[in-house]
Amino acid sequence: MNNIYPPKVTYNKIPKKEEKKMKSILENEIGKTYNHLTILSLDEDKKQEQINRGVKYPRSYFKCQCDCGNICSIRTDSVKNGHSTSCGCAKIKAASEQGKKSLIDLTGKTFGKLIVLERDKEYNGTHVK
Ligand SMILES: [Zn+2]
């Protein structure tokens, strides 16, 4: 008795029905805001571009408007899981805030014969007068 057949598995094809369902789930997100990003639409061009490049499993992208006004395409999962919170501007802002915080205030301290008067504002760096 050998009537056990291995289950037939197809890996590389998402059934049309499933794809439609996924798409409608994503379309439900349109108009929602995640962090700095407001979802404008599904970016079909981005998907098509991947297909044209021969990408087997093209990712879905949202066209988003960032708080700063930039419009960008970001992967749907990155938007939803908070991996991408902005077009990239928030990261830059956070880095510069972090940089400011990590500057040690040396005003009034003496180094040998040098006295720190103030931070040189003309230099947006770590130079001191
Ligand atoms: Zn931005």
# chains A, B, ... in the order shown; residues from 1 in each chain; ligands from 1
$ closest_atom_pairs --of "region 11-31 of chain A" --to "region 37-60 of chain A" --cutoff "8 Å" --atoms "only C-alpha atoms" --output "Markdown table"
| residue | atom | partner | partner_atom | distance |
| --- | --- | --- | --- | --- |
| A:Asn12 | CA | A:Lys56 | CA | 7.9 |
| A:Leu26 | CA | A:Leu42 | CA | 7.5 |
| A:Glu27 | CA | A:Leu42 | CA | 6.8 |
| A:Glu29 | CA | A:Ile39 | CA | 6.9 |
| A:Ile30 | CA | A:Ile39 | CA | 5.0 |
| A:Gly31 | CA | A:Ile39 | CA | 5.2 |
$ residues_near_ligand --ligand "ligand 1" --cutoff "6 Å" --atoms "only C-alpha atoms and all ligand atoms" --output "JSON, numbers by chain"
{"A": [66, 67, 68, 70, 86, 87, 88, 89]}
$ write_last_selection --atoms "C-alpha atoms" --output "short mmCIF file (atom, residue, chain, number, x, y, z; two decimals), in the first residue's frame"
data_model
loop_
_atom_site.label_atom_id
_atom_site.label_comp_id
_atom_site.auth_asym_id
_atom_site.auth_seq_id
_atom_site.Cartn_x
_atom_site.Cartn_y
_atom_site.Cartn_z
CA CYS A 66 6.26 63.04 4.81
CA ASP A 67 5.63 65.83 7.34
CA CYS A 68 8.41 67.81 5.70
CA ASN A 70 8.63 65.17 0.60
CA SER A 86 9.82 59.51 7.62
CA CYS A 87 11.28 60.12 4.17
CA GLY A 88 14.63 60.06 5.89
CA CYS A 89 14.55 63.61 7.27
#
$ atom_distance --atom1 "CA of Leu117 (chain A)" --atom2 "CA of Ala95 (chain A)"
26.2 Å
$ select_by_dssp --residues "chain A" --states "helix (DSSP H, G or I)" --output "PDB file with N, CA and C atoms, in the first residue's frame"
ATOM      1  N   LYS A  16      -3.957  34.325  -7.127  1.00  0.00           N
ATOM      2  CA  LYS A  16      -4.562  35.614  -7.505  1.00  0.00           C
ATOM      3  C   LYS A  16      -5.503  36.141  -6.423  1.00  0.00           C
ATOM      4  N   LYS A  17      -6.257  35.198  -5.849  1.00  0.00           N
ATOM      5  CA  LYS A  17      -7.235  35.588  -4.831  1.00  0.00           C
ATOM      6  C   LYS A  17      -6.523  36.205  -3.623  1.00  0.00           C
ATOM      7  N   GLU A  18      -5.440  35.543  -3.215  1.00  0.00           N
ATOM      8  CA  GLU A  18      -4.660  36.010  -2.077  1.00  0.00           C
ATOM      9  C   GLU A  18      -4.069  37.387  -2.357  1.00  0.00           C
ATOM     10  N   GLU A  19      -3.575  37.536  -3.599  1.00  0.00           N
ATOM     11  CA  GLU A  19      -2.940  38.792  -3.965  1.00  0.00           C
ATOM     12  C   GLU A  19      -3.949  39.932  -3.893  1.00  0.00           C
ATOM     13  N   LYS A  20      -5.166  39.621  -4.354  1.00  0.00           N
ATOM     14  CA  LYS A  20      -6.236  40.624  -4.313  1.00  0.00           C
ATOM     15  C   LYS A  20      -6.548  41.021  -2.880  1.00  0.00           C
ATOM     16  N   LYS A  21      -6.585  39.987  -2.013  1.00  0.00           N
ATOM     17  CA  LYS A  21      -6.903  40.209  -0.603  1.00  0.00           C
ATOM     18  C   LYS A  21      -5.825  41.098   0.030  1.00  0.00           C
ATOM     19  N   MET A  22      -4.551  40.755  -0.258  1.00  0.00           N
ATOM     20  CA  MET A  22      -3.438  41.525   0.279  1.00  0.00           C
ATOM     21  C   MET A  22      -3.521  42.968  -0.176  1.00  0.00           C
ATOM     22  N   LYS A  23      -3.868  43.123  -1.458  1.00  0.00           N
ATOM     23  CA  LYS A  23      -3.937  44.457  -2.026  1.00  0.00           C
ATOM     24  C   LYS A  23      -5.031  45.279  -1.339  1.00  0.00           C
ATOM     25  N   SER A  24      -6.153  44.625  -1.094  1.00  0.00           N
ATOM     26  CA  SER A  24      -7.238  45.387  -0.480  1.00  0.00           C
ATOM     27  C   SER A  24      -6.912  45.738   0.965  1.00  0.00           C
ATOM     28  N   ILE A  25      -6.141  44.865   1.637  1.00  0.00           N
ATOM     29  CA  ILE A  25      -5.692  45.185   2.999  1.00  0.00           C
ATOM     30  C   ILE A  25      -4.800  46.425   2.960  1.00  0.00           C
ATOM     31  N   LEU A  26      -3.902  46.440   1.971  1.00  0.00           N
ATOM     32  CA  LEU A  26      -2.989  47.575   1.855  1.00  0.00           C
ATOM     33  C   LEU A  26      -3.741  48.847   1.470  1.00  0.00           C
ATOM     34  N   GLU A  27      -4.733  48.681   0.603  1.00  0.00           N
ATOM     35  CA  GLU A  27      -5.503  49.854   0.177  1.00  0.00           C
ATOM     36  C   GLU A  27      -6.297  50.463   1.324  1.00  0.00           C
ATOM     37  N   GLU A  44       2.155  51.472  -7.519  1.00  0.00           N
ATOM     38  CA  GLU A  44       2.161  50.389  -8.503  1.00  0.00           C
ATOM     39  C   GLU A  44       3.376  50.476  -9.429  1.00  0.00           C
ATOM     40  N   ASP A  45       3.821  51.700  -9.694  1.00  0.00           N
ATOM     41  CA  ASP A  45       4.994  51.884 -10.569  1.00  0.00           C
ATOM     42  C   ASP A  45       6.218  51.193  -9.993  1.00  0.00           C
ATOM     43  N   LYS A  46       6.341  51.333  -8.686  1.00  0.00           N
ATOM     44  CA  LYS A  46       7.488  50.748  -7.999  1.00  0.00           C
ATOM     45  C   LYS A  46       7.457  49.223  -8.120  1.00  0.00           C
ATOM     46  N   LYS A  47       6.265  48.679  -8.026  1.00  0.00           N
ATOM     47  CA  LYS A  47       6.117  47.225  -8.144  1.00  0.00           C
ATOM     48  C   LYS A  47       6.445  46.785  -9.572  1.00  0.00           C
ATOM     49  N   GLN A  48       5.920  47.531 -10.527  1.00  0.00           N
ATOM     50  CA  GLN A  48       6.149  47.213 -11.929  1.00  0.00           C
ATOM     51  C   GLN A  48       7.639  47.299 -12.248  1.00  0.00           C
ATOM     52  N   GLU A  49       8.285  48.295 -11.690  1.00  0.00           N
ATOM     53  CA  GLU A  49       9.720  48.496 -11.905  1.00  0.00           C
ATOM     54  C   GLU A  49      10.503  47.265 -11.434  1.00  0.00           C
ATOM     55  N   GLN A  50      10.078  46.713 -10.297  1.00  0.00           N
ATOM     56  CA  GLN A  50      10.737  45.505  -9.779  1.00  0.00           C
ATOM     57  C   GLN A  50      10.504  44.319 -10.701  1.00  0.00           C
ATOM     58  N   ILE A  51       9.264  44.206 -11.186  1.00  0.00           N
ATOM     59  CA  ILE A  51       8.927  43.102 -12.094  1.00  0.00           C
ATOM     60  C   ILE A  51       9.772  43.228 -13.361  1.00  0.00           C
ATOM     61  N   ASN A  52       9.890  44.460 -13.865  1.00  0.00           N
ATOM     62  CA  ASN A  52      10.696  44.702 -15.061  1.00  0.00           C
ATOM     63  C   ASN A  52      12.158  44.326 -14.854  1.00  0.00           C
ATOM     64  N   THR A  76       5.736  48.823   2.241  1.00  0.00           N
ATOM     65  CA  THR A  76       4.535  48.823   3.086  1.00  0.00           C
ATOM     66  C   THR A  76       4.830  48.272   4.480  1.00  0.00           C
ATOM     67  N   ASP A  77       5.633  47.221   4.545  1.00  0.00           N
ATOM     68  CA  ASP A  77       5.904  46.644   5.869  1.00  0.00           C
ATOM     69  C   ASP A  77       6.756  47.581   6.729  1.00  0.00           C
ATOM     70  N   SER A  78       7.663  48.323   6.090  1.00  0.00           N
ATOM     71  CA  SER A  78       8.499  49.259   6.840  1.00  0.00           C
ATOM     72  C   SER A  78       7.679  50.396   7.433  1.00  0.00           C
ATOM     73  N   VAL A  79       6.664  50.830   6.664  1.00  0.00           N
ATOM     74  CA  VAL A  79       5.807  51.914   7.153  1.00  0.00           C
ATOM     75  C   VAL A  79       5.006  51.418   8.351  1.00  0.00           C
ATOM     76  N   LYS A  80       4.434  50.226   8.194  1.00  0.00           N
ATOM     77  CA  LYS A  80       3.530  49.727   9.214  1.00  0.00           C
ATOM     78  C   LYS A  80       4.241  49.276  10.480  1.00  0.00           C
ATOM     79  N   CYS A  89      14.194  62.335   6.620  1.00  0.00           N
ATOM     80  CA  CYS A  89      14.549  63.606   7.273  1.00  0.00           C
ATOM     81  C   CYS A  89      14.572  63.460   8.794  1.00  0.00           C
ATOM     82  N   ALA A  90      13.711  62.619   9.350  1.00  0.00           N
ATOM     83  CA  ALA A  90      13.670  62.468  10.809  1.00  0.00           C
ATOM     84  C   ALA A  90      14.965  61.862  11.325  1.00  0.00           C
ATOM     85  N   LYS A  91      15.518  60.958  10.536  1.00  0.00           N
ATOM     86  CA  LYS A  91      16.785  60.329  10.923  1.00  0.00           C
ATOM     87  C   LYS A  91      17.895  61.367  10.967  1.00  0.00           C
ATOM     88  N   ILE A  92      17.909  62.240   9.942  1.00  0.00           N
ATOM     89  CA  ILE A  92      18.942  63.268   9.865  1.00  0.00           C
ATOM     90  C   ILE A  92      18.789  64.216  11.051  1.00  0.00           C
ATOM     91  N   LYS A  93      17.528  64.587  11.327  1.00  0.00           N
ATOM     92  CA  LYS A  93      17.243  65.498  12.430  1.00  0.00           C
ATOM     93  C   LYS A  93      17.676  64.872  13.759  1.00  0.00           C
ATOM     94  N   ALA A  94      17.319  63.616  13.944  1.00  0.00           N
ATOM     95  CA  ALA A  94      17.666  62.927  15.184  1.00  0.00           C
ATOM     96  C   ALA A  94      19.172  62.852  15.354  1.00  0.00           C
ATOM     97  N   ALA A  95      19.872  62.608  14.255  1.00  0.00           N
ATOM     98  CA  ALA A  95      21.327  62.504  14.317  1.00  0.00           C
ATOM     99  C   ALA A  95      21.940  63.842  14.705  1.00  0.00           C
ATOM    100  N   SER A  96      21.384  64.938  14.169  1.00  0.00           N
ATOM    101  CA  SER A  96      21.965  66.233  14.489  1.00  0.00           C
ATOM    102  C   SER A  96      21.624  66.638  15.923  1.00  0.00           C
ATOM    103  N   GLU A  97      20.433  66.263  16.403  1.00  0.00           N
ATOM    104  CA  GLU A  97      20.073  66.530  17.804  1.00  0.00           C
ATOM    105  C   GLU A  97      21.021  65.761  18.721  1.00  0.00           C
ATOM    106  N   GLN A  98      21.256  64.521  18.334  1.00  0.00           N
ATOM    107  CA  GLN A  98      22.140  63.670  19.115  1.00  0.00           C
ATOM    108  C   GLN A  98      23.539  64.271  19.145  1.00  0.00           C
ATOM    109  N   GLY A  99      23.963  64.787  18.003  1.00  0.00           N
ATOM    110  CA  GLY A  99      25.281  65.404  17.903  1.00  0.00           C
ATOM    111  C   GLY A  99      25.404  66.607  18.822  1.00  0.00           C
ATOM    112  N   LYS A 100      24.329  67.417  18.878  1.00  0.00           N
ATOM    113  CA  LYS A 100      24.330  68.603  19.736  1.00  0.00           C
ATOM    114  C   LYS A 100      24.409  68.208  21.200  1.00  0.00           C
ATOM    115  N   LYS A 101      23.648  67.163  21.543  1.00  0.00           N
ATOM    116  CA  LYS A 101      23.607  66.712  22.931  1.00  0.00           C
ATOM    117  C   LYS A 101      24.964  66.190  23.382  1.00  0.00           C
TER     118      LYS A 101
END
$ atom_distance --atom1 "CA of Leu106 (chain A)" --atom2 "CA of Glu118 (chain A)"
7.8 Å
$ select_by_dssp --residues "chain A" --states "strand (DSSP E or B)" --output "PyMOL selection string"
chain A and resi 33-34+37-42+61-66+71-75+110-111+114-115+119+128
$ atom_distance --atom1 "CA of Ile104 (chain A)" --atom2 "CA of Thr85 (chain A)"
29.0 Å
$ closest_residue --among "A:Lys113, A:Ile14, A:Phe62, A:Ser102" --to "Asn28 (chain A)" --atoms "only C-alpha atoms"
A:Phe62
$ decode --residues "region 94-118 of chain A" --atoms "N, CA and C atoms" --output "PDB file, in the first residue's frame"
ATOM      1  N   ALA A  94      17.319  63.616  13.944  1.00  0.00           N
ATOM      2  CA  ALA A  94      17.666  62.927  15.184  1.00  0.00           C
ATOM      3  C   ALA A  94      19.172  62.852  15.354  1.00  0.00           C
ATOM      4  N   ALA A  95      19.872  62.608  14.255  1.00  0.00           N
ATOM      5  CA  ALA A  95      21.327  62.504  14.317  1.00  0.00           C
ATOM      6  C   ALA A  95      21.940  63.842  14.705  1.00  0.00           C
ATOM      7  N   SER A  96      21.384  64.938  14.169  1.00  0.00           N
ATOM      8  CA  SER A  96      21.965  66.233  14.489  1.00  0.00           C
ATOM      9  C   SER A  96      21.624  66.638  15.923  1.00  0.00           C
ATOM     10  N   GLU A  97      20.433  66.263  16.403  1.00  0.00           N
ATOM     11  CA  GLU A  97      20.073  66.530  17.804  1.00  0.00           C
ATOM     12  C   GLU A  97      21.021  65.761  18.721  1.00  0.00           C
ATOM     13  N   GLN A  98      21.256  64.521  18.334  1.00  0.00           N
ATOM     14  CA  GLN A  98      22.140  63.670  19.115  1.00  0.00           C
ATOM     15  C   GLN A  98      23.539  64.271  19.145  1.00  0.00           C
ATOM     16  N   GLY A  99      23.963  64.787  18.003  1.00  0.00           N
ATOM     17  CA  GLY A  99      25.281  65.404  17.903  1.00  0.00           C
ATOM     18  C   GLY A  99      25.404  66.607  18.822  1.00  0.00           C
ATOM     19  N   LYS A 100      24.329  67.417  18.878  1.00  0.00           N
ATOM     20  CA  LYS A 100      24.330  68.603  19.736  1.00  0.00           C
ATOM     21  C   LYS A 100      24.409  68.208  21.200  1.00  0.00           C
ATOM     22  N   LYS A 101      23.648  67.163  21.543  1.00  0.00           N
ATOM     23  CA  LYS A 101      23.607  66.712  22.931  1.00  0.00           C
ATOM     24  C   LYS A 101      24.964  66.190  23.382  1.00  0.00           C
ATOM     25  N   SER A 102      25.652  65.537  22.442  1.00  0.00           N
ATOM     26  CA  SER A 102      26.906  64.907  22.840  1.00  0.00           C
ATOM     27  C   SER A 102      28.060  65.914  22.929  1.00  0.00           C
ATOM     28  N   LEU A 103      27.802  67.155  22.532  1.00  0.00           N
ATOM     29  CA  LEU A 103      28.829  68.180  22.695  1.00  0.00           C
ATOM     30  C   LEU A 103      28.942  68.530  24.173  1.00  0.00           C
ATOM     31  N   ILE A 104      30.127  68.467  24.680  1.00  0.00           N
ATOM     32  CA  ILE A 104      30.308  68.781  26.095  1.00  0.00           C
ATOM     33  C   ILE A 104      30.528  70.286  26.212  1.00  0.00           C
ATOM     34  N   ASP A 105      29.845  70.874  27.157  1.00  0.00           N
ATOM     35  CA  ASP A 105      30.008  72.305  27.357  1.00  0.00           C
ATOM     36  C   ASP A 105      31.315  72.565  28.100  1.00  0.00           C
ATOM     37  N   LEU A 106      32.232  73.178  27.383  1.00  0.00           N
ATOM     38  CA  LEU A 106      33.561  73.406  27.963  1.00  0.00           C
ATOM     39  C   LEU A 106      33.763  74.857  28.377  1.00  0.00           C
ATOM     40  N   THR A 107      32.675  75.660  28.268  1.00  0.00           N
ATOM     41  CA  THR A 107      32.800  77.081  28.561  1.00  0.00           C
ATOM     42  C   THR A 107      33.376  77.305  29.964  1.00  0.00           C
ATOM     43  N   GLY A 108      34.384  78.169  30.027  1.00  0.00           N
ATOM     44  CA  GLY A 108      34.972  78.524  31.326  1.00  0.00           C
ATOM     45  C   GLY A 108      36.095  77.592  31.744  1.00  0.00           C
ATOM     46  N   LYS A 109      36.238  76.512  31.025  1.00  0.00           N
ATOM     47  CA  LYS A 109      37.306  75.573  31.392  1.00  0.00           C
ATOM     48  C   LYS A 109      38.636  76.050  30.805  1.00  0.00           C
ATOM     49  N   THR A 110      39.690  75.744  31.453  1.00  0.00           N
ATOM     50  CA  THR A 110      41.002  76.119  30.934  1.00  0.00           C
ATOM     51  C   THR A 110      41.769  74.876  30.524  1.00  0.00           C
ATOM     52  N   PHE A 111      42.449  75.041  29.424  1.00  0.00           N
ATOM     53  CA  PHE A 111      43.301  73.959  28.933  1.00  0.00           C
ATOM     54  C   PHE A 111      44.689  74.546  28.786  1.00  0.00           C
ATOM     55  N   GLY A 112      45.564  74.310  29.716  1.00  0.00           N
ATOM     56  CA  GLY A 112      46.868  74.938  29.702  1.00  0.00           C
ATOM     57  C   GLY A 112      46.681  76.433  29.785  1.00  0.00           C
ATOM     58  N   LYS A 113      47.088  77.135  28.720  1.00  0.00           N
ATOM     59  CA  LYS A 113      46.958  78.582  28.736  1.00  0.00           C
ATOM     60  C   LYS A 113      45.718  79.048  27.966  1.00  0.00           C
ATOM     61  N   LEU A 114      44.963  78.120  27.480  1.00  0.00           N
ATOM     62  CA  LEU A 114      43.773  78.476  26.699  1.00  0.00           C
ATOM     63  C   LEU A 114      42.530  78.417  27.577  1.00  0.00           C
ATOM     64  N   ILE A 115      41.706  79.457  27.437  1.00  0.00           N
ATOM     65  CA  ILE A 115      40.435  79.449  28.159  1.00  0.00           C
ATOM     66  C   ILE A 115      39.315  79.346  27.130  1.00  0.00           C
ATOM     67  N   VAL A 116      38.391  78.497  27.383  1.00  0.00           N
ATOM     68  CA  VAL A 116      37.249  78.372  26.479  1.00  0.00           C
ATOM     69  C   VAL A 116      36.259  79.488  26.802  1.00  0.00           C
ATOM     70  N   LEU A 117      36.056  80.377  25.811  1.00  0.00           N
ATOM     71  CA  LEU A 117      35.133  81.497  26.021  1.00  0.00           C
ATOM     72  C   LEU A 117      33.706  81.087  25.696  1.00  0.00           C
ATOM     73  N   GLU A 118      33.529  80.538  24.537  1.00  0.00           N
ATOM     74  CA  GLU A 118      32.201  80.084  24.134  1.00  0.00           C
ATOM     75  C   GLU A 118      32.364  79.172  22.926  1.00  0.00           C
TER      76      GLU A 118
END
